[in-house]
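What follows is a single structure, written as structure tokens, with notes after it.
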Amino acid sequence: FVSFTPYINASYNWSLEGCDTSGNCNMTANRTLFTNFIAPAICGSEMNGNGSIDNPCIVTNCTQLQNMSYNLTLNYKLNNDINCSDTPNWNGGAGFTPIGDSSNHFTGNLDGNNQTISDVFIDASFGSDQGIFGFIENSTVNNVGFVDMNFTNTFQSTGAIGESLNANISEIFASGTIIASADGAGCLIGNSNGGWINNSFAYCYIEGSDDVGGL
């Protein structure tokens, strides 16, 4: 029986030095540290998974959805429909905080698993890049419905996804009400540059001053 506490960033080679007549043996472990070791990602917020492609962080409620903002590079997957009807009470009435913004883009991925995210409220107070996702880049978002969104006082690049750069979006839909204080208001996406959108649709009531509507 061998008991020891290993380093996670090392490999071990064991050598047998000898045994006595009672069968007790001495062994030596030679440890090699990995200098370029990258620690496994941690999902946080009591989410299962580790954020890898094969083992994504599993999102089961709106709080966990919001906490995707703490690590913008991981892979996420919805486990069930996500109800965000309590978000009007969040952040002093400002509601949900977009995942990613113009300074810190969401570069991870979301597999919606054919589930919905519903009743997200945002009072943006004239902020830009507003949406459930504020700004995504080189991401894949698929198989999800953004239902009954309620966004108000938004300013530039507003939608379920505020701004998309070289992202791949497929099999998603959005519905709700978007009241924008300036331009660039959409339902599904406020502003898109590069990437592609496939088999997706949107149905929203939208107000804004310029470049309003579309997908």
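Naming works like this for the structure tokens: A, B, ... for the chains as they're shown, residue 1 at the start of each chain, ligands 1 onward in shown order.
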Original post:
Leaving out range 110-114 of chain A and any residue of its chain fewer than 6 positions from it, which residues lie within 9 Å of it when counting only C-alpha atoms, given as a list of chain:residue names?
Top reply: A:Pro56, A:Leu74, A:Asn75, A:Tyr76, A:Lys77, A:Leu78, A:Asn79, A:Asn80, A:Asp81, A:Ser139, A:Thr140, A:Val141, A:Asn142, A:Asn143, A:Val144, A:Gly145, A:Glu171, A:Ile172
DSSP strand (DSSP E or B) residues within range 55-186 of chain A, listed as number ranges by chain: A: 57-59, 75-78, 82-83, 95, 99, 106, 109-118, 121-123, 130, 133-137, 140-154, 158, 161-165, 168-180, 185
Next on the checklist: I want to know what sits within 7 Å of range 197-201 of chain A, based on only C-alpha atoms, with residues of the same chain fewer than 3 positions away left out; could you give that as a list in words?
Outcome noted: Asn168, Ile169, Ser170, Glu171, Ile172, Phe173, Ala174 and Leu215 of chain A
Go ahead and write the residues just picked, N, CA, C and O atoms, as a PDB file, in the first residue's frame.
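Output saved as again-v7.pdb:
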ATOM      1  N   ASN A 168     -19.746  32.409 -34.902  1.00  0.00           N
ATOM      2  CA  ASN A 168     -20.615  31.477 -35.604  1.00  0.00           C
ATOM      3  C   ASN A 168     -21.889  31.274 -34.795  1.00  0.00           C
ATOM      4  O   ASN A 168     -21.847  30.790 -33.663  1.00  0.00           O
ATOM      5  N   ILE A 169     -23.005  31.661 -35.381  1.00  0.00           N
ATOM      6  CA  ILE A 169     -24.290  31.655 -34.695  1.00  0.00           C
ATOM      7  C   ILE A 169     -25.259  30.793 -35.499  1.00  0.00           C
ATOM      8  O   ILE A 169     -25.447  31.026 -36.700  1.00  0.00           O
ATOM      9  N   SER A 170     -25.867  29.818 -34.854  1.00  0.00           N
ATOM     10  CA  SER A 170     -26.768  28.938 -35.598  1.00  0.00           C
ATOM     11  C   SER A 170     -27.877  28.408 -34.698  1.00  0.00           C
ATOM     12  O   SER A 170     -27.696  28.243 -33.496  1.00  0.00           O
ATOM     13  N   GLU A 171     -29.024  28.168 -35.320  1.00  0.00           N
ATOM     14  CA  GLU A 171     -30.170  27.547 -34.657  1.00  0.00           C
ATOM     15  C   GLU A 171     -30.554  28.294 -33.381  1.00  0.00           C
ATOM     16  O   GLU A 171     -30.757  27.684 -32.326  1.00  0.00           O
ATOM     17  N   ILE A 172     -30.667  29.634 -33.466  1.00  0.00           N
ATOM     18  CA  ILE A 172     -31.111  30.402 -32.307  1.00  0.00           C
ATOM     19  C   ILE A 172     -32.235  31.346 -32.722  1.00  0.00           C
ATOM     20  O   ILE A 172     -32.393  31.686 -33.896  1.00  0.00           O
ATOM     21  N   PHE A 173     -33.021  31.770 -31.751  1.00  0.00           N
ATOM     22  CA  PHE A 173     -34.085  32.735 -32.006  1.00  0.00           C
ATOM     23  C   PHE A 173     -34.210  33.669 -30.822  1.00  0.00           C
ATOM     24  O   PHE A 173     -33.734  33.374 -29.720  1.00  0.00           O
ATOM     25  N   ALA A 174     -34.841  34.823 -31.059  1.00  0.00           N
ATOM     26  CA  ALA A 174     -34.981  35.824 -29.996  1.00  0.00           C
ATOM     27  C   ALA A 174     -36.335  36.500 -30.111  1.00  0.00           C
ATOM     28  O   ALA A 174     -36.876  36.675 -31.212  1.00  0.00           O
ATOM     29  N   LEU A 215     -32.292  41.537 -38.247  1.00  0.00           N
ATOM     30  CA  LEU A 215     -32.254  40.339 -37.397  1.00  0.00           C
ATOM     31  C   LEU A 215     -31.822  40.692 -35.976  1.00  0.00           C
ATOM     32  O   LEU A 215     -32.233  40.081 -35.023  1.00  0.00           O
TER      33      LEU A 215
END
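Between Glu46 in chain A and the candidates A:Met68, A:Leu188, A:Cys25, A:Trp90, the tightest atom-to-atom separation, counting only C-alpha atoms, involves A:Met68.
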